[in-house]
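Participant: What follows is start_0.cif, mmCIF, N, CA and C atoms.
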data_start
#
loop_
_atom_site.label_atom_id
_atom_site.label_comp_id
_atom_site.auth_asym_id
_atom_site.auth_seq_id
_atom_site.Cartn_x
_atom_site.Cartn_y
_atom_site.Cartn_z
N MET O 1 6.36 29.80 -36.92
CA MET O 1 7.33 29.62 -35.85
C MET O 1 8.42 28.67 -36.35
N SER O 2 9.67 29.01 -36.07
CA SER O 2 10.78 28.19 -36.52
C SER O 2 10.87 26.90 -35.71
N THR O 3 11.53 25.93 -36.28
CA THR O 3 11.71 24.65 -35.59
C THR O 3 12.52 24.83 -34.32
N LEU O 4 13.55 25.68 -34.36
CA LEU O 4 14.36 25.94 -33.18
C LEU O 4 13.52 26.58 -32.08
N GLN O 5 12.69 27.54 -32.44
CA GLN O 5 11.84 28.19 -31.45
C GLN O 5 10.85 27.18 -30.85
N GLU O 6 10.30 26.28 -31.66
CA GLU O 6 9.38 25.25 -31.15
C GLU O 6 10.10 24.34 -30.16
N LEU O 7 11.33 23.95 -30.47
CA LEU O 7 12.11 23.11 -29.56
C LEU O 7 12.36 23.83 -28.24
N LEU O 8 12.70 25.11 -28.31
CA LEU O 8 12.96 25.87 -27.08
C LEU O 8 11.71 26.03 -26.23
N ASN O 9 10.56 26.20 -26.88
CA ASN O 9 9.31 26.39 -26.14
C ASN O 9 8.79 25.09 -25.54
N THR O 10 9.03 23.96 -26.18
CA THR O 10 8.50 22.69 -25.68
C THR O 10 9.49 21.94 -24.81
N ARG O 11 10.72 22.46 -24.66
CA ARG O 11 11.71 21.78 -23.83
C ARG O 11 11.19 21.67 -22.39
N ARG O 12 11.22 20.51 -21.86
CA ARG O 12 10.73 20.29 -20.50
C ARG O 12 11.87 20.20 -19.49
N GLY O 13 13.08 20.06 -19.96
CA GLY O 13 14.22 19.99 -19.05
C GLY O 13 14.58 18.56 -18.70
N GLY O 14 15.67 18.43 -17.97
CA GLY O 14 16.12 17.12 -17.55
C GLY O 14 15.51 16.75 -16.21
N TYR O 15 15.99 15.65 -15.65
CA TYR O 15 15.50 15.17 -14.35
C TYR O 15 16.68 14.91 -13.44
N ARG O 16 16.44 15.11 -12.16
CA ARG O 16 17.43 14.87 -11.12
C ARG O 16 16.82 13.88 -10.13
N ALA O 17 17.64 12.99 -9.57
CA ALA O 17 17.15 11.96 -8.66
C ALA O 17 17.89 12.03 -7.33
N VAL O 18 17.13 11.78 -6.26
CA VAL O 18 17.69 11.67 -4.91
C VAL O 18 17.09 10.41 -4.29
N TYR O 19 17.96 9.51 -3.79
CA TYR O 19 17.49 8.28 -3.15
C TYR O 19 18.09 8.19 -1.75
N LYS O 20 17.22 8.04 -0.74
CA LYS O 20 17.63 7.97 0.66
C LYS O 20 18.50 9.16 1.05
N GLY O 21 18.21 10.32 0.50
CA GLY O 21 18.97 11.52 0.80
C GLY O 21 20.27 11.65 0.03
N ILE O 22 20.60 10.69 -0.82
CA ILE O 22 21.83 10.72 -1.61
C ILE O 22 21.51 11.23 -3.00
N ASP O 23 22.15 12.32 -3.39
CA ASP O 23 21.91 12.93 -4.70
C ASP O 23 22.57 12.09 -5.79
N LEU O 24 21.76 11.62 -6.73
CA LEU O 24 22.27 10.84 -7.85
C LEU O 24 22.57 11.73 -9.06
N GLY O 25 22.38 13.03 -8.90
CA GLY O 25 22.70 13.98 -9.95
C GLY O 25 21.65 14.02 -11.05
N GLU O 26 21.98 14.80 -12.07
CA GLU O 26 21.08 14.87 -13.22
C GLU O 26 21.18 13.58 -14.02
N LEU O 27 20.05 13.08 -14.45
CA LEU O 27 20.00 11.81 -15.17
C LEU O 27 20.47 11.98 -16.62
N ALA O 28 20.99 10.91 -17.19
CA ALA O 28 21.46 10.93 -18.57
C ALA O 28 20.31 11.02 -19.56
N ASP O 29 19.14 10.57 -19.15
CA ASP O 29 17.95 10.56 -20.00
C ASP O 29 16.74 10.61 -19.08
N THR O 30 15.57 10.58 -19.65
CA THR O 30 14.36 10.62 -18.82
C THR O 30 14.18 9.31 -18.06
N PRO O 31 13.58 9.38 -16.86
CA PRO O 31 13.32 8.14 -16.11
C PRO O 31 12.19 7.36 -16.77
N GLU O 32 12.21 6.06 -16.58
CA GLU O 32 11.13 5.20 -17.08
C GLU O 32 10.36 4.68 -15.88
N ILE O 33 9.07 5.00 -15.82
CA ILE O 33 8.23 4.61 -14.69
C ILE O 33 7.04 3.82 -15.23
N LYS O 34 6.83 2.64 -14.68
CA LYS O 34 5.68 1.81 -15.05
C LYS O 34 4.96 1.40 -13.78
N ALA O 35 3.68 1.74 -13.70
CA ALA O 35 2.88 1.40 -12.52
C ALA O 35 1.92 0.28 -12.86
N GLY O 36 1.55 -0.48 -11.84
CA GLY O 36 0.61 -1.57 -12.03
C GLY O 36 0.04 -1.99 -10.68
N TYR O 37 -0.65 -3.10 -10.69
CA TYR O 37 -1.18 -3.62 -9.43
C TYR O 37 -1.25 -5.14 -9.48
N ASP O 38 -1.18 -5.73 -8.31
CA ASP O 38 -1.36 -7.18 -8.14
C ASP O 38 -2.63 -7.39 -7.33
N ALA O 39 -3.42 -8.34 -7.74
CA ALA O 39 -4.64 -8.68 -6.99
C ALA O 39 -4.79 -10.20 -6.98
N GLU O 40 -5.16 -10.72 -5.86
CA GLU O 40 -5.38 -12.16 -5.71
C GLU O 40 -6.83 -12.49 -6.03
N ASN O 41 -7.03 -13.54 -6.78
CA ASN O 41 -8.37 -14.05 -7.05
C ASN O 41 -8.58 -15.31 -6.22
N PHE O 42 -9.79 -15.44 -5.69
CA PHE O 42 -10.09 -16.63 -4.91
C PHE O 42 -11.54 -17.03 -5.16
N VAL O 43 -11.83 -18.30 -4.94
CA VAL O 43 -13.16 -18.85 -5.19
C VAL O 43 -13.92 -18.96 -3.87
N VAL O 44 -15.16 -18.48 -3.87
CA VAL O 44 -16.02 -18.54 -2.69
C VAL O 44 -17.16 -19.48 -3.00
N GLN O 45 -17.43 -20.44 -2.09
CA GLN O 45 -18.56 -21.36 -2.26
C GLN O 45 -19.46 -21.27 -1.04
N THR O 46 -20.73 -21.07 -1.30
CA THR O 46 -21.74 -21.04 -0.23
C THR O 46 -22.91 -21.91 -0.66
N GLN O 47 -23.91 -22.05 0.22
CA GLN O 47 -25.08 -22.83 -0.12
C GLN O 47 -25.93 -22.12 -1.17
N GLU O 48 -25.96 -20.77 -1.13
CA GLU O 48 -26.75 -20.02 -2.11
C GLU O 48 -26.08 -20.00 -3.48
N PHE O 49 -24.76 -19.83 -3.50
CA PHE O 49 -24.01 -19.78 -4.76
C PHE O 49 -23.11 -21.00 -4.80
N LEU O 50 -23.13 -21.69 -5.90
CA LEU O 50 -22.26 -22.86 -6.01
C LEU O 50 -20.79 -22.45 -5.94
N SER O 51 -20.40 -21.49 -6.73
CA SER O 51 -19.04 -20.94 -6.63
C SER O 51 -19.00 -19.60 -7.34
N ARG O 52 -18.16 -18.76 -6.81
CA ARG O 52 -18.00 -17.44 -7.40
C ARG O 52 -16.55 -17.01 -7.19
N THR O 53 -15.98 -16.41 -8.21
CA THR O 53 -14.61 -15.92 -8.11
C THR O 53 -14.65 -14.46 -7.66
N CYS O 54 -13.87 -14.15 -6.63
CA CYS O 54 -13.78 -12.79 -6.10
C CYS O 54 -12.34 -12.31 -6.22
N GLU O 55 -12.19 -11.01 -6.32
CA GLU O 55 -10.85 -10.41 -6.39
C GLU O 55 -10.57 -9.69 -5.08
N GLY O 56 -9.41 -9.97 -4.52
CA GLY O 56 -9.02 -9.32 -3.27
C GLY O 56 -8.58 -7.88 -3.52
N ALA O 57 -8.20 -7.21 -2.46
CA ALA O 57 -7.75 -5.82 -2.57
C ALA O 57 -6.46 -5.76 -3.39
N ALA O 58 -6.41 -4.81 -4.29
CA ALA O 58 -5.25 -4.65 -5.17
C ALA O 58 -4.10 -3.99 -4.42
N GLU O 59 -2.88 -4.42 -4.72
CA GLU O 59 -1.69 -3.81 -4.16
C GLU O 59 -0.96 -3.08 -5.28
N LEU O 60 -0.81 -1.77 -5.13
CA LEU O 60 -0.16 -0.96 -6.15
C LEU O 60 1.35 -1.10 -6.07
N TYR O 61 2.01 -0.97 -7.22
CA TYR O 61 3.47 -0.96 -7.27
C TYR O 61 3.91 -0.18 -8.50
N ALA O 62 5.16 0.18 -8.54
CA ALA O 62 5.75 0.83 -9.70
C ALA O 62 7.18 0.35 -9.86
N THR O 63 7.61 0.21 -11.11
CA THR O 63 9.02 -0.06 -11.39
C THR O 63 9.59 1.22 -11.99
N VAL O 64 10.79 1.57 -11.56
CA VAL O 64 11.43 2.81 -11.99
C VAL O 64 12.84 2.47 -12.49
N LYS O 65 13.17 2.95 -13.68
CA LYS O 65 14.52 2.80 -14.22
C LYS O 65 15.12 4.18 -14.39
N LEU O 66 16.32 4.36 -13.82
CA LEU O 66 16.99 5.65 -13.87
C LEU O 66 18.34 5.52 -14.57
N PRO O 67 18.56 6.24 -15.67
CA PRO O 67 19.87 6.26 -16.32
C PRO O 67 20.77 7.30 -15.63
N VAL O 68 21.66 6.84 -14.78
CA VAL O 68 22.46 7.70 -13.91
C VAL O 68 23.84 7.94 -14.51
N LYS O 69 24.26 9.22 -14.50
CA LYS O 69 25.61 9.57 -14.97
C LYS O 69 26.64 9.45 -13.86
N MET O 70 26.20 9.56 -12.59
CA MET O 70 27.11 9.47 -11.45
C MET O 70 27.31 7.98 -11.11
N VAL O 71 28.10 7.31 -11.94
CA VAL O 71 28.27 5.85 -11.86
C VAL O 71 28.87 5.43 -10.54
N GLU O 72 29.86 6.15 -10.04
CA GLU O 72 30.52 5.76 -8.79
C GLU O 72 29.54 5.78 -7.62
N THR O 73 28.72 6.82 -7.53
CA THR O 73 27.71 6.92 -6.47
C THR O 73 26.71 5.78 -6.58
N ALA O 74 26.28 5.48 -7.81
CA ALA O 74 25.31 4.40 -8.04
C ALA O 74 25.89 3.05 -7.63
N LEU O 75 27.14 2.80 -7.98
CA LEU O 75 27.77 1.52 -7.61
C LEU O 75 27.95 1.40 -6.10
N GLU O 76 28.24 2.51 -5.42
CA GLU O 76 28.34 2.48 -3.96
C GLU O 76 27.00 2.11 -3.34
N LEU O 77 25.90 2.65 -3.88
CA LEU O 77 24.57 2.29 -3.38
C LEU O 77 24.27 0.82 -3.64
N LEU O 78 24.63 0.34 -4.82
CA LEU O 78 24.37 -1.06 -5.17
C LEU O 78 25.21 -2.01 -4.32
N ASP O 79 26.35 -1.54 -3.83
CA ASP O 79 27.22 -2.36 -3.00
C ASP O 79 26.76 -2.39 -1.55
N GLY O 80 25.83 -1.50 -1.17
CA GLY O 80 25.34 -1.42 0.21
C GLY O 80 24.20 -2.38 0.47
N ASP O 81 23.50 -2.15 1.57
CA ASP O 81 22.37 -2.99 1.99
C ASP O 81 21.14 -2.62 1.16
N LEU O 82 20.72 -3.51 0.28
CA LEU O 82 19.59 -3.24 -0.62
C LEU O 82 18.25 -3.61 0.00
N SER O 83 18.26 -4.22 1.18
CA SER O 83 17.00 -4.68 1.77
C SER O 83 16.22 -3.56 2.46
N ILE O 84 16.88 -2.44 2.73
CA ILE O 84 16.22 -1.34 3.45
C ILE O 84 15.65 -0.34 2.43
N PRO O 85 14.32 -0.18 2.39
CA PRO O 85 13.74 0.78 1.45
C PRO O 85 13.95 2.21 1.91
N GLY O 86 13.79 3.12 0.97
CA GLY O 86 13.91 4.55 1.26
C GLY O 86 13.09 5.35 0.28
N GLU O 87 13.15 6.67 0.40
CA GLU O 87 12.38 7.53 -0.49
C GLU O 87 13.17 7.84 -1.74
N LEU O 88 12.51 7.74 -2.89
CA LEU O 88 13.08 8.13 -4.18
C LEU O 88 12.35 9.38 -4.63
N CYS O 89 13.11 10.43 -4.93
CA CYS O 89 12.53 11.71 -5.35
C CYS O 89 13.07 12.05 -6.74
N LEU O 90 12.17 12.34 -7.66
CA LEU O 90 12.52 12.76 -9.01
C LEU O 90 11.99 14.17 -9.20
N ARG O 91 12.84 15.07 -9.70
CA ARG O 91 12.37 16.44 -9.99
C ARG O 91 12.97 16.90 -11.30
N ASN O 92 12.19 17.72 -11.99
CA ASN O 92 12.67 18.25 -13.26
C ASN O 92 13.65 19.40 -13.01
N THR O 93 14.45 19.70 -14.01
CA THR O 93 15.42 20.80 -13.91
C THR O 93 15.28 21.68 -15.15
N PHE O 94 15.83 22.86 -15.10
CA PHE O 94 15.90 23.80 -16.22
C PHE O 94 14.57 24.40 -16.64
N ILE O 95 13.55 24.31 -15.84
CA ILE O 95 12.31 25.01 -16.16
C ILE O 95 11.85 25.76 -14.93
N LYS O 96 11.00 26.77 -15.13
CA LYS O 96 10.58 27.64 -14.03
C LYS O 96 9.70 26.92 -13.02
N ARG O 97 8.80 26.08 -13.49
CA ARG O 97 7.88 25.40 -12.58
C ARG O 97 8.46 24.03 -12.22
N VAL O 98 8.73 23.83 -10.93
CA VAL O 98 9.34 22.59 -10.45
C VAL O 98 8.26 21.54 -10.19
N HIS O 99 8.43 20.39 -10.79
CA HIS O 99 7.54 19.26 -10.55
C HIS O 99 8.35 18.20 -9.81
N GLU O 100 7.77 17.67 -8.76
CA GLU O 100 8.48 16.67 -7.95
C GLU O 100 7.59 15.44 -7.77
N LEU O 101 8.17 14.29 -8.02
CA LEU O 101 7.48 13.01 -7.86
C LEU O 101 8.25 12.21 -6.82
N ARG O 102 7.58 11.90 -5.69
CA ARG O 102 8.24 11.17 -4.60
C ARG O 102 7.58 9.82 -4.39
N PHE O 103 8.41 8.79 -4.30
CA PHE O 103 7.97 7.44 -3.96
C PHE O 103 8.50 7.16 -2.55
N PRO O 104 7.63 7.18 -1.52
CA PRO O 104 8.12 7.07 -0.13
C PRO O 104 8.65 5.68 0.24
N GLU O 105 8.16 4.65 -0.40
CA GLU O 105 8.55 3.27 -0.05
C GLU O 105 9.17 2.63 -1.29
N CYS O 106 10.45 2.88 -1.51
CA CYS O 106 11.12 2.45 -2.73
C CYS O 106 12.37 1.64 -2.36
N ARG O 107 12.59 0.56 -3.09
CA ARG O 107 13.75 -0.31 -2.82
C ARG O 107 14.58 -0.43 -4.08
N LEU O 108 15.88 -0.25 -3.92
CA LEU O 108 16.82 -0.43 -5.03
C LEU O 108 16.98 -1.92 -5.30
N LEU O 109 16.81 -2.31 -6.55
CA LEU O 109 16.94 -3.71 -6.93
C LEU O 109 18.39 -4.03 -7.31
N PRO O 110 18.83 -5.27 -7.10
CA PRO O 110 20.21 -5.62 -7.45
C PRO O 110 20.42 -5.81 -8.95
N SER O 111 19.39 -5.60 -9.75
CA SER O 111 19.49 -5.72 -11.20
C SER O 111 19.86 -4.36 -11.79
N TRP O 112 20.95 -4.29 -12.55
CA TRP O 112 21.38 -3.03 -13.14
C TRP O 112 22.10 -3.28 -14.45
N GLU O 113 22.28 -2.21 -15.23
CA GLU O 113 22.95 -2.28 -16.53
C GLU O 113 23.99 -1.16 -16.59
N PHE O 114 25.16 -1.46 -17.10
CA PHE O 114 26.22 -0.46 -17.21
C PHE O 114 26.61 -0.30 -18.67
N SER O 115 26.62 0.95 -19.14
CA SER O 115 26.99 1.24 -20.52
C SER O 115 28.18 2.21 -20.52
N PRO O 116 29.41 1.67 -20.55
CA PRO O 116 30.56 2.58 -20.60
C PRO O 116 30.67 3.22 -21.98
N SER O 117 31.23 4.40 -22.01
CA SER O 117 31.38 5.12 -23.27
C SER O 117 32.84 5.48 -23.48
N VAL O 118 33.29 5.39 -24.72
CA VAL O 118 34.67 5.73 -25.03
C VAL O 118 34.85 7.24 -25.06
N THR O 119 33.88 7.95 -25.64
CA THR O 119 34.03 9.40 -25.79
C THR O 119 33.01 10.21 -25.00
N GLY O 120 31.91 9.61 -24.60
CA GLY O 120 30.86 10.37 -23.91
C GLY O 120 30.78 10.06 -22.44
N VAL O 121 29.59 10.14 -21.92
CA VAL O 121 29.33 9.93 -20.50
C VAL O 121 28.99 8.47 -20.24
N HIS O 122 29.59 7.89 -19.20
CA HIS O 122 29.22 6.55 -18.78
C HIS O 122 27.83 6.60 -18.16
N VAL O 123 27.01 5.56 -18.38
CA VAL O 123 25.65 5.53 -17.85
C VAL O 123 25.40 4.19 -17.17
N LEU O 124 24.84 4.25 -15.97
CA LEU O 124 24.43 3.05 -15.25
C LEU O 124 22.92 3.12 -15.05
N ILE O 125 22.21 2.10 -15.48
CA ILE O 125 20.76 2.04 -15.31
C ILE O 125 20.46 1.39 -13.97
N MET O 126 19.87 2.19 -13.06
CA MET O 126 19.47 1.68 -11.75
C MET O 126 17.99 1.31 -11.82
N LYS O 127 17.62 0.23 -11.15
CA LYS O 127 16.23 -0.22 -11.16
C LYS O 127 15.68 -0.24 -9.74
N PHE O 128 14.46 0.28 -9.59
CA PHE O 128 13.81 0.39 -8.30
C PHE O 128 12.43 -0.24 -8.35
N MET O 129 11.96 -0.68 -7.18
CA MET O 129 10.59 -1.17 -7.02
C MET O 129 9.94 -0.34 -5.93
N ALA O 130 8.85 0.33 -6.27
CA ALA O 130 8.12 1.15 -5.31
C ALA O 130 6.83 0.45 -4.91
N ARG O 131 6.53 0.47 -3.64
CA ARG O 131 5.28 -0.09 -3.10
C ARG O 131 4.55 1.01 -2.34
N THR O 132 3.32 0.75 -1.97
CA THR O 132 2.56 1.74 -1.21
C THR O 132 3.15 1.87 0.20
N GLY O 133 3.12 3.09 0.72
CA GLY O 133 3.61 3.35 2.07
C GLY O 133 2.57 2.97 3.11
N THR O 134 2.81 3.34 4.34
CA THR O 134 1.90 2.99 5.44
C THR O 134 0.54 3.66 5.28
N ASP O 135 0.49 4.78 4.58
CA ASP O 135 -0.78 5.48 4.37
C ASP O 135 -1.51 5.00 3.10
N GLY O 136 -0.97 4.01 2.42
CA GLY O 136 -1.62 3.45 1.24
C GLY O 136 -1.35 4.18 -0.06
N LYS O 137 -0.49 5.21 -0.03
CA LYS O 137 -0.19 5.96 -1.24
C LYS O 137 1.09 5.45 -1.88
N LEU O 138 1.07 5.32 -3.20
CA LEU O 138 2.24 4.87 -3.95
C LEU O 138 3.22 6.01 -4.17
N PHE O 139 2.71 7.20 -4.45
CA PHE O 139 3.57 8.35 -4.75
C PHE O 139 2.90 9.64 -4.30
N TYR O 140 3.71 10.70 -4.25
CA TYR O 140 3.23 12.06 -3.98
C TYR O 140 3.74 12.94 -5.11
N PHE O 141 2.88 13.81 -5.60
CA PHE O 141 3.25 14.73 -6.66
C PHE O 141 3.05 16.15 -6.18
N SER O 142 4.03 17.00 -6.39
CA SER O 142 3.90 18.41 -6.04
C SER O 142 4.46 19.27 -7.16
N SER O 143 3.93 20.47 -7.25
CA SER O 143 4.33 21.41 -8.27
C SER O 143 4.41 22.80 -7.66
N ARG O 144 5.52 23.50 -7.91
CA ARG O 144 5.69 24.85 -7.36
C ARG O 144 6.51 25.69 -8.32
N THR O 145 6.38 26.98 -8.17
CA THR O 145 7.13 27.92 -9.02
C THR O 145 8.43 28.30 -8.39
#
Go ahead and render the structure in this file as structure tokens.

Facilitator:
Amino acid sequence: MSTLQELLNTRRGGYRAVYKGIDLGELADTPEIKAGYDAENFVVQTQEFLSRTCEGAAELYATVKLPVKMVETALELLDGDLSIPGELCLRNTFIKRVHELRFPECRLLPSWEFSPSVTGVHVLIMKFMARTGTDGKLFYFSSRT
């Protein structure tokens, strides 16, 4: 199999983002998503046990970085009220099977990076923080043809 044919067969396509119903367009590159959790540790002392460290319930979160080509739309969002969370939806493009990743409780952070280009596309890196929603889920994943 030729290298070109391998590239065409393994191409997964680009990604498109929508935040609070506002289309951010096709992304300049793939999104960067890092998930983790925070848990509080505390010490319990009773008459039976002198002391024991326990871990509280973990709180899930994710950080999402999106390289956006629609710089004007991104700057308008950054200029608005950042305290109100909304849904962030990421979906792939250019392939037959659509995969969608939704973060229902996502907040746009005021931290961003802008990379202007002389000859190419301007890119603004938007940063988001996702937390679990009221049902305790961090994200929803769906796949359809």

Participant: Could the centre and edge lengths of an axis-aligned box, enclosing all atoms of range 80-86 of chain O in the file with 6 Å extra on each side, be given in Å to one decimal as JSON?

Facilitator:
{"center_x": 19.5, "center_y": 0.3, "center_z": 1.1, "size_x": 24.7, "size_y": 22.0, "size_z": 16.6}

Participant: Which polymer residues, whether protein, DNA or RNA, lie within 12 Å of the coordinate (4.4, 9.2, -7.2) when you count only C-alpha atoms? List them as a PyMOL selection string, using the chain letters and numbers from the file.

Facilitator: chain O and resi 33-35+60-64+87-91+99-106+130-133+136-142

Participant: What lies within 6.5 Å of Arg97 in chain O using only N, CA and C atoms, ignoring chain neighbours under 4 positions off, as a ChimeraX atom specification?

Facilitator: /O:143-145

Participant: For the file shown, report as a count of residues only the outcome of the PyMOL selection byres (((chain O and resi 14 and name CA) around 12) and name CA) at residue level.

Facilitator: 23

Participant: Would you write out, as an MDAnalysis selection string, every residue that the PyMOL selection byres ((chain O and resi 39) around 8) captures in this file?

Facilitator: chainID O and resid 36:38 40:42 54:60

Participant: Have a look at O:Lys20, O:His122, O:Lys96, O:Lys127 and name the one nearest to Val71 in chain O; count only C-alpha atoms.

Facilitator: O:His122

Participant: Quick one: residues within 7 Å of Leu124 in chain O, only N, CA and C atoms, excluding same-chain residues fewer than 6 positions away - as a PyMOL selection string?

Facilitator: chain O and resi 66-71+112-116

Participant: Using all atoms listed in the file, which of O:Thr46, O:Leu108, O:Asp135, O:Ile125 sits nearest Leu77 in chain O?

Facilitator: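 Nearest candidate to Leu77 in chain O out of O:Thr46, O:Leu108, O:Asp135, O:Ile125: O:Leu108.
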
Participant: With N, CA, C and O atoms as the goal, would you fill in the gaps in range 126-143 of chain O and present it as a CSV table (one decimal), in the frame of the given file?

Facilitator:
chain,number,residue,atom,x,y,z
O,126,MET,N,19.9,2.2,-13.1
O,126,MET,CA,19.5,1.7,-11.8
O,126,MET,C,18.0,1.3,-11.8
O,126,MET,O,17.2,2.0,-12.5
O,127,LYS,N,17.6,0.2,-11.2
O,127,LYS,CA,16.2,-0.2,-11.2
O,127,LYS,C,15.7,-0.2,-9.7
O,127,LYS,O,16.3,-0.7,-8.8
O,128,PHE,N,14.5,0.3,-9.6
O,128,PHE,CA,13.8,0.4,-8.3
O,128,PHE,C,12.4,-0.2,-8.4
O,128,PHE,O,11.8,-0.3,-9.4
O,129,MET,N,12.0,-0.7,-7.2
O,129,MET,CA,10.6,-1.2,-7.0
O,129,MET,C,9.9,-0.3,-5.9
O,129,MET,O,10.4,-0.3,-4.8
O,130,ALA,N,8.8,0.3,-6.3
O,130,ALA,CA,8.1,1.2,-5.3
O,130,ALA,C,6.8,0.4,-4.9
O,130,ALA,O,6.1,-0.1,-5.8
O,131,ARG,N,6.5,0.5,-3.6
O,131,ARG,CA,5.3,-0.1,-3.1
O,131,ARG,C,4.6,1.0,-2.3
O,131,ARG,O,5.1,2.1,-2.0
O,132,THR,N,3.3,0.8,-2.0
O,132,THR,CA,2.6,1.7,-1.2
O,132,THR,C,3.2,1.9,0.2
O,132,THR,O,3.6,0.9,0.8
O,133,GLY,N,3.1,3.1,0.7
O,133,GLY,CA,3.6,3.4,2.1
O,133,GLY,C,2.6,3.0,3.1
O,133,GLY,O,1.5,2.4,2.8
O,134,THR,N,2.8,3.3,4.3
O,134,THR,CA,1.9,3.0,5.4
O,134,THR,C,0.5,3.7,5.3
O,134,THR,O,-0.5,3.2,5.8
O,135,ASP,N,0.5,4.8,4.6
O,135,ASP,CA,-0.8,5.5,4.4
O,135,ASP,C,-1.5,5.0,3.1
O,135,ASP,O,-2.6,5.5,2.8
O,136,GLY,N,-1.0,4.0,2.4
O,136,GLY,CA,-1.6,3.4,1.2
O,136,GLY,C,-1.4,4.2,-0.1
O,136,GLY,O,-1.9,3.8,-1.1
O,137,LYS,N,-0.5,5.2,0.0
O,137,LYS,CA,-0.2,6.0,-1.2
O,137,LYS,C,1.1,5.4,-1.9
O,137,LYS,O,2.1,5.2,-1.2
O,138,LEU,N,1.1,5.3,-3.2
O,138,LEU,CA,2.2,4.9,-4.0
O,138,LEU,C,3.2,6.0,-4.2
O,138,LEU,O,4.4,5.8,-4.1
O,139,PHE,N,2.7,7.2,-4.4
O,139,PHE,CA,3.6,8.4,-4.8
O,139,PHE,C,2.9,9.6,-4.3
O,139,PHE,O,1.7,9.7,-4.0
O,140,TYR,N,3.7,10.7,-4.2
O,140,TYR,CA,3.2,12.1,-4.0
O,140,TYR,C,3.7,12.9,-5.1
O,140,TYR,O,4.9,12.8,-5.5
O,141,PHE,N,2.9,13.8,-5.6
O,141,PHE,CA,3.2,14.7,-6.7
O,141,PHE,C,3.0,16.2,-6.2
O,141,PHE,O,2.0,16.5,-5.6
O,142,SER,N,4.0,17.0,-6.4
O,142,SER,CA,3.9,18.4,-6.0
O,142,SER,C,4.5,19.3,-7.2
O,142,SER,O,5.3,18.8,-7.9
O,143,SER,N,3.9,20.5,-7.2
O,143,SER,CA,4.3,21.4,-8.3
O,143,SER,C,4.4,22.8,-7.7
O,143,SER,O,3.5,23.2,-6.9
